[in-house]
>>> print(open('run.txt').read())   # compact mmCIF, C-alpha atoms
# COMPACT_ATOMS: atom_id res chain seq x y z
CA MET Z 192 46.38 7.38 83.73
CA SER Z 193 47.38 4.71 81.32
CA GLN Z 194 45.64 1.95 83.23
CA THR Z 195 42.55 0.62 81.49
CA MET Z 196 39.38 0.88 83.45
CA ILE Z 197 38.01 -2.55 84.19
CA GLN Z 198 34.29 -2.50 83.60
CA TYR Z 199 32.11 -4.56 85.84
CA GLU Z 200 29.70 -5.33 83.05
CA GLY Z 201 30.23 -8.16 80.60
CA ARG Z 202 32.19 -11.21 81.71
CA ILE Z 203 32.46 -10.30 85.43
CA ALA Z 204 28.75 -9.60 85.78
CA GLN Z 205 28.01 -12.83 83.98
CA ILE Z 206 30.20 -14.90 86.32
CA VAL Z 207 28.43 -13.33 89.32
CA GLN Z 208 25.04 -13.93 87.76
CA GLU Z 209 25.76 -17.64 87.42
CA ASP Z 210 26.98 -18.16 90.98
CA PRO Z 211 24.64 -17.76 93.99
CA MET Z 212 27.60 -17.83 96.39
CA LEU Z 213 29.20 -14.83 94.69
CA GLN Z 214 25.88 -13.00 94.83
CA PHE Z 215 25.65 -13.79 98.52
CA LEU Z 216 29.17 -12.39 99.09
CA LEU Z 217 28.19 -9.20 97.29
CA TYR Z 218 24.94 -8.97 99.25
CA ALA Z 219 26.85 -9.21 102.54
CA GLY Z 220 29.57 -6.82 101.31
CA ASP Z 221 27.10 -4.27 99.93
CA ASN Z 222 25.15 -4.18 103.20
CA ALA Z 223 28.36 -3.41 105.03
CA LEU Z 224 29.61 -0.83 102.51
CA ILE Z 225 26.38 1.15 102.22
CA THR Z 226 25.67 1.14 105.96
CA GLY Z 227 29.30 2.18 106.50
CA HIS Z 228 28.99 4.97 103.96
CA ARG Z 229 25.86 6.32 105.65
CA CYS Z 230 27.56 6.22 109.07
CA SER Z 231 30.62 7.97 107.62
CA GLU Z 232 28.45 10.92 106.61
CA TRP Z 233 28.36 11.84 110.30
CA CYS Z 234 32.15 12.20 110.45
CA GLY Z 235 32.75 15.79 111.58
CA HIS Z 236 29.03 16.34 112.18
CA GLY Z 237 28.36 14.19 115.25
CA PRO Z 238 26.25 15.75 118.03
CA ILE Z 239 29.20 15.64 120.42
CA LEU Z 240 32.84 14.71 119.84
CA GLU Z 241 32.64 11.27 121.51
CA GLN Z 242 29.68 10.23 119.38
CA ASP Z 243 31.29 11.62 116.27
CA ILE Z 244 34.27 9.36 116.96
CA ALA Z 245 31.97 6.44 117.80
CA ILE Z 246 29.98 6.54 114.58
CA SER Z 247 33.11 7.17 112.48
CA ASN Z 248 34.70 4.08 114.05
CA ILE Z 249 31.57 2.09 113.35
CA ALA Z 250 31.67 3.32 109.74
CA LEU Z 251 35.25 2.08 109.46
CA ASP Z 252 34.33 -1.34 110.85
CA TYR Z 253 31.61 -1.68 108.24
CA ILE Z 254 33.87 -0.64 105.39
CA GLY Z 255 36.53 -3.07 106.64
CA ALA Z 256 33.97 -5.88 106.61
CA ALA Z 257 32.92 -4.87 103.08
CA ARG Z 258 36.56 -5.09 101.96
CA ASN Z 259 36.84 -8.62 103.31
CA PHE Z 260 33.75 -9.76 101.39
CA TYR Z 261 34.81 -7.98 98.19
CA GLN Z 262 38.36 -9.36 98.38
CA LEU Z 263 37.01 -12.88 98.70
CA ALA Z 264 34.50 -12.33 95.87
CA SER Z 265 37.13 -10.85 93.53
CA THR Z 266 39.56 -13.71 94.22
CA ARG Z 267 36.85 -16.20 93.36
CA ILE Z 268 35.84 -14.38 90.20
CA GLN Z 269 39.46 -14.52 89.10
CA GLN Z 270 39.65 -18.21 89.89
CA LYS Z 271 36.89 -18.70 87.33
CA ASP Z 272 38.61 -16.59 84.71
CA ALA Z 273 42.24 -15.69 85.36
CA SER Z 274 42.25 -13.19 82.49
CA LEU Z 275 39.95 -10.84 84.42
CA GLU Z 276 41.60 -8.11 86.43
CA VAL Z 277 39.02 -7.76 89.13
CA THR Z 278 39.77 -6.39 92.58
CA GLU Z 279 37.81 -5.22 95.62
CA ASP Z 280 37.81 -1.76 94.01
CA THR Z 281 36.11 -3.02 90.84
CA LEU Z 282 33.27 -4.30 92.98
CA ALA Z 283 32.94 -1.18 95.14
CA TYR Z 284 33.51 1.51 92.52
CA LEU Z 285 32.48 0.16 89.15
CA ARG Z 286 29.13 -1.46 89.72
CA ASP Z 287 25.94 0.49 89.16
CA ALA Z 288 22.89 0.73 91.41
CA TRP Z 289 21.14 -2.29 89.87
CA ASP Z 290 24.21 -4.45 90.63
CA PHE Z 291 24.12 -3.54 94.33
CA LYS Z 292 22.27 -5.98 96.57
CA ASN Z 293 22.19 -4.14 99.89
CA LEU Z 294 19.01 -3.88 101.94
CA LEU Z 295 16.92 -0.78 101.23
CA LEU Z 296 17.17 -0.10 104.97
CA ALA Z 297 20.92 0.52 104.60
CA GLU Z 298 20.60 3.21 101.92
CA LEU Z 299 17.85 5.35 103.49
CA PRO Z 300 19.01 8.81 104.54
CA ASN Z 301 20.47 9.34 108.00
CA GLY Z 302 17.81 11.84 109.04
CA ASP Z 303 18.39 12.93 112.62
CA TRP Z 304 20.38 11.14 115.32
CA ALA Z 305 17.34 9.07 116.34
CA GLN Z 306 16.85 7.78 112.80
CA THR Z 307 20.58 7.09 112.41
CA THR Z 308 20.97 5.17 115.64
CA LEU Z 309 17.71 3.26 115.17
CA ARG Z 310 18.90 2.15 111.70
CA VAL Z 311 22.25 1.01 113.11
CA TYR Z 312 20.29 -0.85 115.78
CA PHE Z 313 18.06 -2.60 113.24
CA ILE Z 314 21.00 -3.57 111.06
CA SER Z 315 23.40 -4.61 113.82
CA SER Z 316 20.74 -6.63 115.67
CA PHE Z 317 20.07 -8.48 112.41
CA GLN Z 318 23.78 -8.93 111.71
CA TRP Z 319 24.47 -10.16 115.23
CA LEU Z 320 22.20 -13.14 114.47
CA PHE Z 321 23.30 -13.43 110.83
CA TYR Z 322 27.04 -13.70 111.57
CA GLN Z 323 26.51 -16.15 114.42
CA GLU Z 324 25.06 -18.55 111.83
CA LEU Z 325 27.61 -17.67 109.15
CA ILE Z 326 30.44 -18.67 111.52
CA LYS Z 327 29.17 -22.24 111.11
CA SER Z 328 29.30 -22.03 107.30
CA THR Z 329 31.03 -24.92 105.53
CA ASP Z 330 32.82 -22.29 103.45
CA THR Z 331 35.82 -21.66 105.72
CA ASP Z 332 36.77 -18.32 104.11
CA LEU Z 333 33.26 -17.03 104.70
CA ALA Z 334 33.21 -18.40 108.26
CA ALA Z 335 36.51 -16.60 108.96
CA ILE Z 336 35.08 -13.24 107.84
CA ALA Z 337 32.01 -13.87 110.01
CA GLU Z 338 34.19 -14.69 113.02
CA LYS Z 339 36.14 -11.47 112.56
CA THR Z 340 33.10 -9.28 111.93
CA LEU Z 341 31.00 -10.67 114.76
CA LYS Z 342 33.44 -9.29 117.33
CA GLU Z 343 32.88 -5.82 115.86
CA VAL Z 344 29.10 -6.11 115.45
CA LYS Z 345 28.88 -6.83 119.16
CA TYR Z 346 30.08 -3.27 119.81
CA HIS Z 347 27.72 -1.74 117.23
CA LEU Z 348 24.78 -3.53 118.75
CA ARG Z 349 25.59 -2.50 122.30
CA TRP Z 350 26.14 1.12 121.27
CA SER Z 351 22.97 1.43 119.18
CA ARG Z 352 20.82 -0.45 121.72
CA GLU Z 353 21.90 2.04 124.37
CA TRP Z 354 20.93 4.95 122.13
CA VAL Z 355 17.50 3.52 121.36
CA ILE Z 356 16.84 3.11 125.09
CA ARG Z 357 18.31 6.51 125.96
CA LEU Z 358 16.24 8.38 123.37
CA GLY Z 359 13.04 6.38 123.91
CA ASP Z 360 13.27 6.71 127.67
CA GLY Z 361 14.61 10.28 127.55
CA THR Z 362 12.77 13.56 127.07
CA GLU Z 363 9.44 14.06 125.36
CA GLU Z 364 11.32 15.45 122.36
CA SER Z 365 13.77 12.54 122.10
CA ALA Z 366 10.97 9.96 122.45
CA ASN Z 367 9.02 11.77 119.77
CA ARG Z 368 11.96 11.79 117.40
CA LEU Z 369 12.52 8.08 117.95
CA ARG Z 370 8.85 7.29 117.27
CA GLN Z 371 9.01 9.28 114.04
CA ALA Z 372 12.17 7.42 113.04
CA LEU Z 373 10.43 4.13 113.76
CA THR Z 374 7.45 5.07 111.60
CA PHE Z 375 9.80 5.92 108.73
CA LEU Z 376 12.15 2.92 109.01
CA TRP Z 377 9.78 0.15 110.03
CA PRO Z 378 8.40 -0.76 106.55
CA PHE Z 379 12.01 -1.48 105.47
CA THR Z 380 12.89 -3.87 108.31
CA GLY Z 381 11.30 -6.98 106.80
CA GLU Z 382 13.53 -7.31 103.75
CA ALA Z 383 16.47 -8.80 105.66
CA PHE Z 384 14.32 -11.84 106.47
CA LYS Z 385 12.86 -12.43 103.01
CA GLU Z 386 15.06 -14.87 101.16
CA ALA Z 387 16.45 -13.84 97.78
CA SER Z 388 16.91 -16.72 95.31
CA TYR Z 389 20.70 -16.70 95.79
CA GLU Z 390 20.24 -16.98 99.55
CA THR Z 391 18.03 -20.02 99.11
CA ALA Z 392 20.50 -21.57 96.66
CA ALA Z 393 23.50 -20.88 98.93
CA SER Z 394 21.83 -21.72 102.25
CA SER Z 395 23.32 -25.20 102.59
CA THR Z 396 26.77 -23.57 102.45
CA THR Z 397 26.04 -20.39 104.38
CA ASN Z 398 24.03 -22.08 107.14
CA ILE Z 399 21.62 -19.12 107.18
CA GLN Z 400 17.97 -19.98 107.86
CA LEU Z 401 16.20 -16.65 107.77
CA ALA Z 402 12.94 -17.80 109.34
CA ASN Z 403 14.78 -18.80 112.52
CA LEU Z 404 16.67 -15.53 112.59
CA HIS Z 405 13.42 -13.60 112.27
CA GLU Z 406 12.00 -15.16 115.43
CA SER Z 407 15.13 -14.37 117.45
CA TRP Z 408 15.20 -10.85 116.05
CA LYS Z 409 11.59 -10.15 117.09
CA GLN Z 410 12.45 -11.30 120.58
CA GLU Z 411 15.46 -8.98 120.75
CA LEU Z 412 13.23 -6.10 119.63
CA GLN Z 413 10.56 -6.86 122.23
CA GLU Z 414 13.09 -6.63 125.04
CA VAL Z 415 14.81 -3.45 123.91
CA PHE Z 416 11.64 -1.63 122.86
CA ALA Z 417 10.02 -2.46 126.20
CA GLU Z 418 12.92 -0.76 127.95
CA ALA Z 419 12.78 2.19 125.53
CA GLY Z 420 9.02 2.60 126.00
CA LEU Z 421 8.34 1.84 122.32
CA GLU Z 422 5.67 -0.40 120.85
CA VAL Z 423 6.82 -2.94 118.28
CA PRO Z 424 4.70 -2.03 115.22
CA THR Z 425 2.19 -4.64 114.14
CA GLN Z 426 1.94 -3.59 110.51
CA GLN Z 427 3.71 -5.49 107.75
CA ALA Z 428 7.26 -4.44 106.94
CA PHE Z 429 6.56 -4.73 103.25
CA GLN Z 430 9.30 -2.79 101.43
CA THR Z 431 11.67 -5.00 99.44
CA GLY Z 432 13.83 -4.84 96.32
CA GLY Z 433 17.38 -4.00 97.40
CA LYS Z 434 18.53 -7.61 97.52
CA THR Z 435 17.69 -8.02 93.86
CA GLY Z 436 18.97 -4.63 92.70
CA LYS Z 437 15.74 -2.63 92.79
CA HIS Z 438 16.70 0.35 94.89
CA THR Z 439 15.31 3.63 96.13
CA GLU Z 440 16.64 6.74 94.43
CA TYR Z 441 18.85 7.35 97.49
CA LEU Z 442 21.37 4.71 96.40
CA GLY Z 443 22.15 6.54 93.16
CA TYR Z 444 23.19 9.63 95.10
CA ILE Z 445 25.42 7.58 97.41
CA LEU Z 446 27.13 5.92 94.45
CA ALA Z 447 27.52 9.22 92.60
CA GLU Z 448 29.47 10.59 95.52
CA MET Z 449 31.40 7.40 96.31
CA GLN Z 450 32.31 6.39 92.76
CA PHE Z 451 32.88 9.76 91.11
CA LEU Z 452 36.67 9.79 91.48
CA GLN Z 453 37.27 6.27 90.12
CA ARG Z 454 34.96 6.88 87.19
CA ALA Z 455 36.38 10.31 86.32
CA TYR Z 456 40.02 9.25 86.90
CA PRO Z 457 40.16 5.48 86.39
CA GLY Z 458 42.82 3.77 88.46
CA ALA Z 459 43.51 6.87 90.55
CA SER Z 460 45.14 6.11 93.88
CA TRP Z 461 46.44 8.18 96.80
CA MET X 153 66.00 -14.85 91.03
CA GLU X 154 67.76 -16.92 93.60
CA ALA X 155 65.83 -17.58 96.76
CA ILE X 156 67.71 -16.77 99.92
CA VAL X 157 67.10 -19.37 102.56
CA GLN X 158 67.23 -18.12 106.12
CA PRO X 159 66.18 -19.86 109.27
CA THR X 160 62.75 -18.65 110.41
CA ALA X 161 64.29 -17.40 113.67
CA ALA X 162 66.19 -14.74 111.73
CA ILE X 163 62.94 -13.59 110.12
CA TRP X 164 61.19 -13.38 113.47
CA LYS X 165 64.07 -11.26 114.69
CA VAL X 166 63.57 -8.82 111.83
CA LEU X 167 59.80 -8.76 112.42
CA GLU X 168 60.51 -7.75 116.02
CA THR X 169 61.85 -4.47 114.64
CA VAL X 170 58.69 -3.63 112.67
CA CYS X 171 56.47 -1.25 114.64
CA ASP X 172 52.76 -0.59 114.42
CA PRO X 173 52.45 2.78 112.64
CA GLU X 174 49.58 3.88 114.91
CA VAL X 175 51.15 2.68 118.16
CA PRO X 176 54.86 2.99 117.33
CA VAL X 177 55.98 1.71 120.71
CA LEU X 178 54.65 -1.78 119.91
CA THR X 179 56.17 -4.16 117.41
CA ILE X 180 53.90 -6.32 115.31
CA VAL X 181 55.18 -9.31 117.28
CA ASP X 182 54.21 -7.64 120.60
CA LEU X 183 50.75 -7.02 119.17
CA GLY X 184 50.35 -10.66 118.21
CA ILE X 185 49.47 -10.03 114.59
CA VAL X 186 52.25 -12.20 113.16
CA ARG X 187 50.74 -15.68 113.12
CA ASP X 188 53.34 -17.72 111.29
CA VAL X 189 56.65 -17.62 109.47
CA GLN X 190 57.54 -20.32 106.96
CA ILE X 191 60.33 -20.83 104.49
CA SER X 192 59.58 -22.39 101.15
CA GLU X 193 61.80 -22.84 98.11
CA LYS X 194 60.30 -19.62 96.77
CA GLY X 195 61.25 -17.56 99.81
CA ALA X 196 59.69 -16.49 103.08
CA VAL X 197 55.98 -16.62 103.83
CA VAL X 198 54.83 -14.34 106.65
CA THR X 199 51.24 -14.80 107.81
CA ILE X 200 49.58 -11.87 109.53
CA THR X 201 46.09 -11.19 110.87
CA PRO X 202 44.43 -7.76 111.21
CA THR X 203 43.51 -6.38 114.63
CA TYR X 204 40.23 -4.86 113.39
CA SER X 205 38.77 -5.47 109.90
CA SER X 206 39.02 -1.80 109.22
CA CYS X 207 42.52 -1.18 110.56
CA PRO X 208 44.11 1.19 108.01
CA ALA X 209 47.53 0.34 109.42
CA MET X 210 47.49 -3.13 107.83
CA ASP X 211 48.43 -1.90 104.36
CA VAL X 212 51.33 0.08 105.82
CA ILE X 213 52.42 -2.88 107.93
CA ARG X 214 52.65 -5.11 104.84
CA ILE X 215 54.99 -2.62 103.17
CA GLN X 216 57.05 -2.23 106.34
CA ILE X 217 57.50 -6.00 106.66
CA LYS X 218 58.74 -6.24 103.07
CA MET X 219 61.11 -3.32 103.54
CA ALA X 220 62.54 -4.56 106.83
CA LEU X 221 63.13 -8.05 105.40
CA ALA X 222 64.63 -6.60 102.21
CA GLU X 223 67.08 -4.58 104.28
CA ALA X 224 68.07 -7.79 106.03
CA GLY X 225 68.70 -9.37 102.63
CA ILE X 226 65.51 -11.40 102.47
CA LYS X 227 63.92 -10.33 99.21
CA ASP X 228 61.48 -13.06 98.22
CA VAL X 229 58.69 -12.52 100.68
CA GLU X 230 55.04 -13.40 100.44
CA ILE X 231 52.66 -11.89 102.98
CA LYS X 232 49.52 -13.85 103.64
CA GLN X 233 46.54 -12.57 105.59
CA VAL X 234 44.33 -14.83 107.67
CA LEU X 235 41.14 -13.81 109.53
CA SER X 236 40.63 -16.92 111.61
CA PRO X 237 41.26 -17.37 114.47
CA ALA X 238 40.27 -13.74 114.90
CA TRP X 239 42.89 -11.54 116.55
CA THR X 240 42.40 -10.85 120.22
CA THR X 241 44.20 -8.61 122.71
CA ASP X 242 44.89 -11.83 124.65
CA TRP X 243 47.75 -12.35 122.17
CA MET X 244 49.51 -9.17 123.19
CA SER X 245 52.81 -9.95 124.89
CA GLU X 246 53.44 -8.98 128.53
CA GLU X 247 56.44 -7.05 127.26
CA GLY X 248 54.11 -5.22 124.86
CA LYS X 249 51.70 -4.31 127.67
CA LYS X 250 54.56 -2.82 129.72
CA LYS X 251 55.75 -0.79 126.73
CA LEU X 252 52.22 0.50 126.10
CA ASN X 253 51.83 1.66 129.68
CA ALA X 254 55.20 3.40 129.66
CA TYR X 255 54.13 5.15 126.44
CA GLY X 256 50.99 6.53 128.12
CA ILE X 257 48.39 4.05 126.80
CA ALA X 258 46.76 1.83 129.42
CA PRO X 259 47.08 -1.82 128.28
CA PRO X 260 44.14 -4.29 128.18
CA GLN X 261 43.13 -5.13 131.75
CA TYR X 262 41.38 -8.43 131.25
CA LYS X 263 41.33 -11.54 129.13
CA VAL X 264 38.59 -11.48 126.52
CA LYS X 265 36.94 -14.58 127.95
CA ASP X 266 36.22 -12.65 131.17
CA ASN X 267 33.62 -10.76 129.12
CA THR X 268 34.16 -7.50 130.97
CA THR X 269 32.73 -4.45 129.18
CA VAL X 270 34.61 -1.18 128.81
CA GLU X 271 32.12 0.50 131.16
CA ASP X 272 33.10 -1.86 133.96
CA THR X 273 36.80 -1.31 133.43
CA HIS X 274 38.92 1.10 135.45
CA PRO X 275 42.40 0.97 133.98
CA PRO X 276 44.94 2.68 136.25
CA CYS X 277 46.16 6.04 134.95
CA PRO X 278 49.41 5.51 133.02
CA GLN X 279 50.65 8.94 134.19
CA CYS X 280 50.04 9.04 137.97
CA LYS X 281 49.06 5.36 138.53
CA SER X 282 45.81 6.35 140.27
CA ALA X 283 43.08 3.71 140.15
CA ASP X 284 40.38 6.39 140.15
CA THR X 285 39.67 6.80 136.44
CA ARG X 286 36.54 7.21 134.34
CA LEU X 287 35.43 6.33 130.83
CA VAL X 288 34.99 9.36 128.55
CA SER X 289 34.24 7.55 125.32
CA GLU X 290 34.06 3.89 124.41
CA PHE X 291 35.52 4.79 121.02
CA GLY X 292 38.87 6.52 120.78
CA SER X 293 41.48 7.82 118.36
CA THR X 294 41.75 4.41 116.67
CA ALA X 295 39.40 1.42 116.55
CA CYS X 296 41.42 -0.42 119.20
CA LYS X 297 41.26 2.28 121.87
CA ALA X 298 38.78 3.93 124.26
CA LEU X 299 39.24 7.34 125.88
CA PHE X 300 39.56 7.62 129.67
CA GLN X 301 40.31 10.41 132.11
CA CYS X 302 42.09 10.23 135.43
CA ASN X 303 40.02 11.70 138.31
CA ASP X 304 43.17 12.48 140.30
CA CYS X 305 45.65 14.08 137.90
CA LEU X 306 42.86 14.91 135.39
CA GLU X 307 44.97 13.74 132.43
CA PRO X 308 42.97 12.13 129.63
CA PHE X 309 44.49 8.89 128.33
CA ASP X 310 43.90 6.13 125.79
CA TYR X 311 43.00 2.63 126.90
CA PHE X 312 43.73 -0.31 124.62
CA LYS X 313 40.37 -2.15 124.72
CA CYS X 314 40.01 -5.87 125.35
CA HIS X 315 38.87 -7.25 122.04
>>> encode(input="run.txt", output="structure tokens")
Amino acid sequence: MSQTMIQYEGRIAQIVQEDPMLQFLLYAGDNALITGHRCSEWCGHGPILEQDIAISNIALDYIGAARNFYQLASTRIQQKDASLEVTEDTLAYLRDAWDFKNLLLAELPNGDWAQTTLRVYFISSFQWLFYQELIKSTDTDLAAIAEKTLKEVKYHLRWSREWVIRLGDGTEESANRLRQALTFLWPFTGEAFKEASYETAASSTTNIQLANLHESWKQELQEVFAEAGLEVPTQQAFQTGGKTGKHTEYLGYILAEMQFLQRAYPGASW
Amino acid sequence: MEAIVQPTAAIWKVLETVCDPEVPVLTIVDLGIVRDVQISEKGAVVTITPTYSSCPAMDVIRIQIKMALAEAGIKDVEIKQVLSPAWTTDWMSEEGKKKLNAYGIAPPQYKVKDNTTVEDTHPPCPQCKSADTRLVSEFGSTACKALFQCNDCLEPFDYFKCH
């Protein structure tokens, strides 16, 4: 390959660092990419064929949404410095763990089916509220991505809600598994609602007010958990860090697998 | 390079020959993903919108549009992508729906605004026309389809979901 590998570090990282809106785009894109990657790990391993197809489709939706955010971010980085050759691939494949801004919740391991579907439920119920606000953003490119993605999140939410209810209200074993998943995931569910500095700085453009979303989200949880026979935990969901690049060790393993090819063979394509 | 100026109608005619690689019986015009055709002094500008964010067919469709137009002698082509308004199956042509059904894929049964879920949908079997069908999986072979089975002739079939 004669093509030079474009490093994320240096000028590109600096442009992102100086622009809260770009950081917000990466935050939204990284959430989608990492959740999508986790869902894609089920491809070929689903409990039954229909659910294998379902979660693989959901993975694709997430990765598609990530592409939209990364394409917009890379276009805007180039608008600031036309000499930079930055594409969606630079942002997905050439950033390191500390540059990723996804929620810790997104990178946690899949565990069993209960843990997987409960995570998709937590993330899609958050995103359902998040994108409904983002549609009203004054940034029309961002609003267009939100409009497109919201139609897909609606499916993810319905699918994962049904699984939470089915497992919680199922057998003793399935209810047990779901409770264990809840114990593991719960501490990570608060981060989505704690504003990072770039979210505060971009909020007049993005139209996202996290405090309001949190109230609606708790209400959604009350209703679904009641039907699933689950208690909404009262303890603090205290784990944070992902939004500002402080990740669990799990993210490194995801990136090692996802980025290996582009780093070993820069510019490789199918 | 000299720009070749063609009336937009001629471009639309060429686009009507470009088929969706996943559902080859439908053209991209039938699907409703071509949003606009303009002619500028630099050449043709074709605006398309993806069905689903993740649709892998979009990259192929871009290449196919360029190739089809090049064959028709229209070489300076820019393809723009827009996301808003978001694509909906409501834009699928009636002609397209007929072609889908003849191909063995049940076309969307409702308008999106009716808010009918896949579970409440019973698309007639494209093979034997029976109305007695059941949902096997809300997700199918591609993002845009769900899997159904006919209770009469027992044939499984794809249903193009309202989206």
>>> interface_residues(input="run.txt", of="chain X", to="chain Z", cutoff="12 Å", atoms="all atoms listed in the file", output="short mmCIF file (atom, residue, chain, number, x, y, z; two decimals) with C-alpha atoms, in the coordinates of the input")
data_model
loop_
_atom_site.label_atom_id
_atom_site.label_comp_id
_atom_site.auth_asym_id
_atom_site.auth_seq_id
_atom_site.Cartn_x
_atom_site.Cartn_y
_atom_site.Cartn_z
CA THR X 201 46.09 -11.19 110.87
CA PRO X 202 44.43 -7.76 111.21
CA THR X 203 43.51 -6.38 114.63
CA TYR X 204 40.23 -4.86 113.39
CA SER X 205 38.77 -5.47 109.90
CA SER X 206 39.02 -1.80 109.22
CA CYS X 207 42.52 -1.18 110.56
CA PRO X 208 44.11 1.19 108.01
CA ALA X 209 47.53 0.34 109.42
CA MET X 210 47.49 -3.13 107.83
CA GLN X 233 46.54 -12.57 105.59
CA VAL X 234 44.33 -14.83 107.67
CA LEU X 235 41.14 -13.81 109.53
CA SER X 236 40.63 -16.92 111.61
CA PRO X 237 41.26 -17.37 114.47
CA ALA X 238 40.27 -13.74 114.90
CA TRP X 239 42.89 -11.54 116.55
CA THR X 240 42.40 -10.85 120.22
CA VAL X 264 38.59 -11.48 126.52
CA ASN X 267 33.62 -10.76 129.12
CA THR X 269 32.73 -4.45 129.18
CA VAL X 270 34.61 -1.18 128.81
CA GLU X 271 32.12 0.50 131.16
CA LEU X 287 35.43 6.33 130.83
CA VAL X 288 34.99 9.36 128.55
CA SER X 289 34.24 7.55 125.32
CA GLU X 290 34.06 3.89 124.41
CA PHE X 291 35.52 4.79 121.02
CA GLY X 292 38.87 6.52 120.78
CA SER X 293 41.48 7.82 118.36
CA THR X 294 41.75 4.41 116.67
CA ALA X 295 39.40 1.42 116.55
CA CYS X 296 41.42 -0.42 119.20
CA LYS X 297 41.26 2.28 121.87
CA ALA X 298 38.78 3.93 124.26
CA LEU X 299 39.24 7.34 125.88
CA PHE X 300 39.56 7.62 129.67
CA LYS X 313 40.37 -2.15 124.72
CA CYS X 314 40.01 -5.87 125.35
CA HIS X 315 38.87 -7.25 122.04
#
>>> atom_distance(input="run.txt", atom1="CA of Glu363 (chain Z)", atom2="CA of Thr425 (chain Z)")
23.0 Å
>>> residues_around(input="run.txt", residues="Trp289 (chain Z)", least_positions_apart="4", cutoff="10 Å", atoms="all atoms listed in the file", output="JSON, numbers by chain")
{"Z": [433, 434, 435, 436, 437, 438, 442, 443]}
>>> write_last_selection(input="run.txt", atoms="C-alpha atoms", output="PDB file, in the coordinates of the input")
ATOM      1  CA  GLY Z 433      17.380  -4.000  97.400  1.00  0.00           C
ATOM      2  CA  LYS Z 434      18.530  -7.610  97.520  1.00  0.00           C
ATOM      3  CA  THR Z 435      17.690  -8.020  93.860  1.00  0.00           C
ATOM      4  CA  GLY Z 436      18.970  -4.630  92.700  1.00  0.00           C
ATOM      5  CA  LYS Z 437      15.740  -2.630  92.790  1.00  0.00           C
ATOM      6  CA  HIS Z 438      16.700   0.350  94.890  1.00  0.00           C
ATOM      7  CA  LEU Z 442      21.370   4.710  96.400  1.00  0.00           C
ATOM      8  CA  GLY Z 443      22.150   6.540  93.160  1.00  0.00           C
TER       9      GLY Z 443
END
>>> atom_distance(input="run.txt", atom1="CA of Arg229 (chain Z)", atom2="CA of Thr307 (chain Z)")
8.6 Å
>>> atom_distance(input="run.txt", atom1="CA of Gly381 (chain Z)", atom2="CA of Thr431 (chain Z)")
7.6 Å
>>> closest_residue(input="run.txt", among="X:Ala258, X:Cys277, X:Met244, X:Ala196", to="Ile231 (chain X)", atoms="only C-alpha atoms")
X:Ala196
>>> closest_residue(input="run.txt", among="Z:Trp461, Z:Phe313, Z:Tyr322, Z:Tyr444", to="Phe379 (chain Z)", atoms="all atoms listed in the file")
Z:Phe313
>>> residues_around(input="run.txt", residues="Thr179 (chain X)", least_positions_apart="5", cutoff="8 Å", atoms="only C-alpha atoms", output="ChimeraX atom specification")
/X:167-172,248
>>> residues_near_point(input="run.txt", point="(52.7, 7.7, 137.1)", cutoff="12 Å", atoms="only C-alpha atoms", output="list in words")
Asn253, Ala254, Tyr255, Gly256, Ile257, Ala258, Pro276, Cys277, Pro278, Gln279, Cys280, Lys281, Ser282, Ala283, Cys302, Asp304, Cys305 and Glu307 of chain X
>>> closest_residue(input="run.txt", among="X:Lys218, X:Glu223, X:Asp211, X:Val229", to="Gln190 (chain X)", atoms="only C-alpha atoms")
X:Val229
>>> residues_around(input="run.txt", residues="Pro173 (chain X)", least_positions_apart="4", cutoff="9 Å", atoms="only C-alpha atoms", output="PDB file with C-alpha atoms, keeping the file's coordinate frame")
ATOM      1  CA  VAL X 177      55.980   1.710 120.710  1.00  0.00           C
ATOM      2  CA  LEU X 178      54.650  -1.780 119.910  1.00  0.00           C
ATOM      3  CA  ALA X 209      47.530   0.340 109.420  1.00  0.00           C
ATOM      4  CA  VAL X 212      51.330   0.080 105.820  1.00  0.00           C
ATOM      5  CA  ILE X 213      52.420  -2.880 107.930  1.00  0.00           C
TER       6      ILE X 213
END
>>> closest_residue(input="run.txt", among="Z:Ala387, Z:Ile326, Z:Leu309, Z:Val344", to="Val415 (chain Z)", atoms="only C-alpha atoms")
Z:Leu309
>>> closest_residue(input="run.txt", among="Z:Ala204, Z:Ala383, Z:Leu320, Z:Val355", to="Arg370 (chain Z)", atoms="only C-alpha atoms")
Z:Val355
>>> residues_around(input="run.txt", residues="Ser388 (chain Z)", least_positions_apart="4", cutoff="12 Å", atoms="only C-alpha atoms", output="PyMOL selection string")
chain Z and resi 208-212+214-215+218+392-394+434-435
>>> decode(input="run.txt", residues="region 201-212 of chain X", atoms="C-alpha atoms", output="PDB file, in the first residue's frame")
ATOM      1  CA  THR X 201     -31.567   9.226   0.187  1.00  0.00           C
ATOM      2  CA  PRO X 202     -30.821   5.900   1.912  1.00  0.00           C
ATOM      3  CA  THR X 203     -33.638   3.540   2.887  1.00  0.00           C
ATOM      4  CA  TYR X 204     -31.982   2.553   6.190  1.00  0.00           C
ATOM      5  CA  SER X 205     -28.848   4.246   7.605  1.00  0.00           C
ATOM      6  CA  SER X 206     -27.055   0.964   7.411  1.00  0.00           C
ATOM      7  CA  CYS X 207     -28.149  -0.113   3.945  1.00  0.00           C
ATOM      8  CA  PRO X 208     -24.993  -1.607   2.376  1.00  0.00           C
ATOM      9  CA  ALA X 209     -26.611  -1.313  -1.047  1.00  0.00           C
ATOM     10  CA  MET X 210     -26.178   2.484  -1.087  1.00  0.00           C
ATOM     11  CA  ASP X 211     -22.501   2.369  -2.037  1.00  0.00           C
ATOM     12  CA  VAL X 212     -23.279  -0.029  -4.891  1.00  0.00           C
TER      13      VAL X 212
END
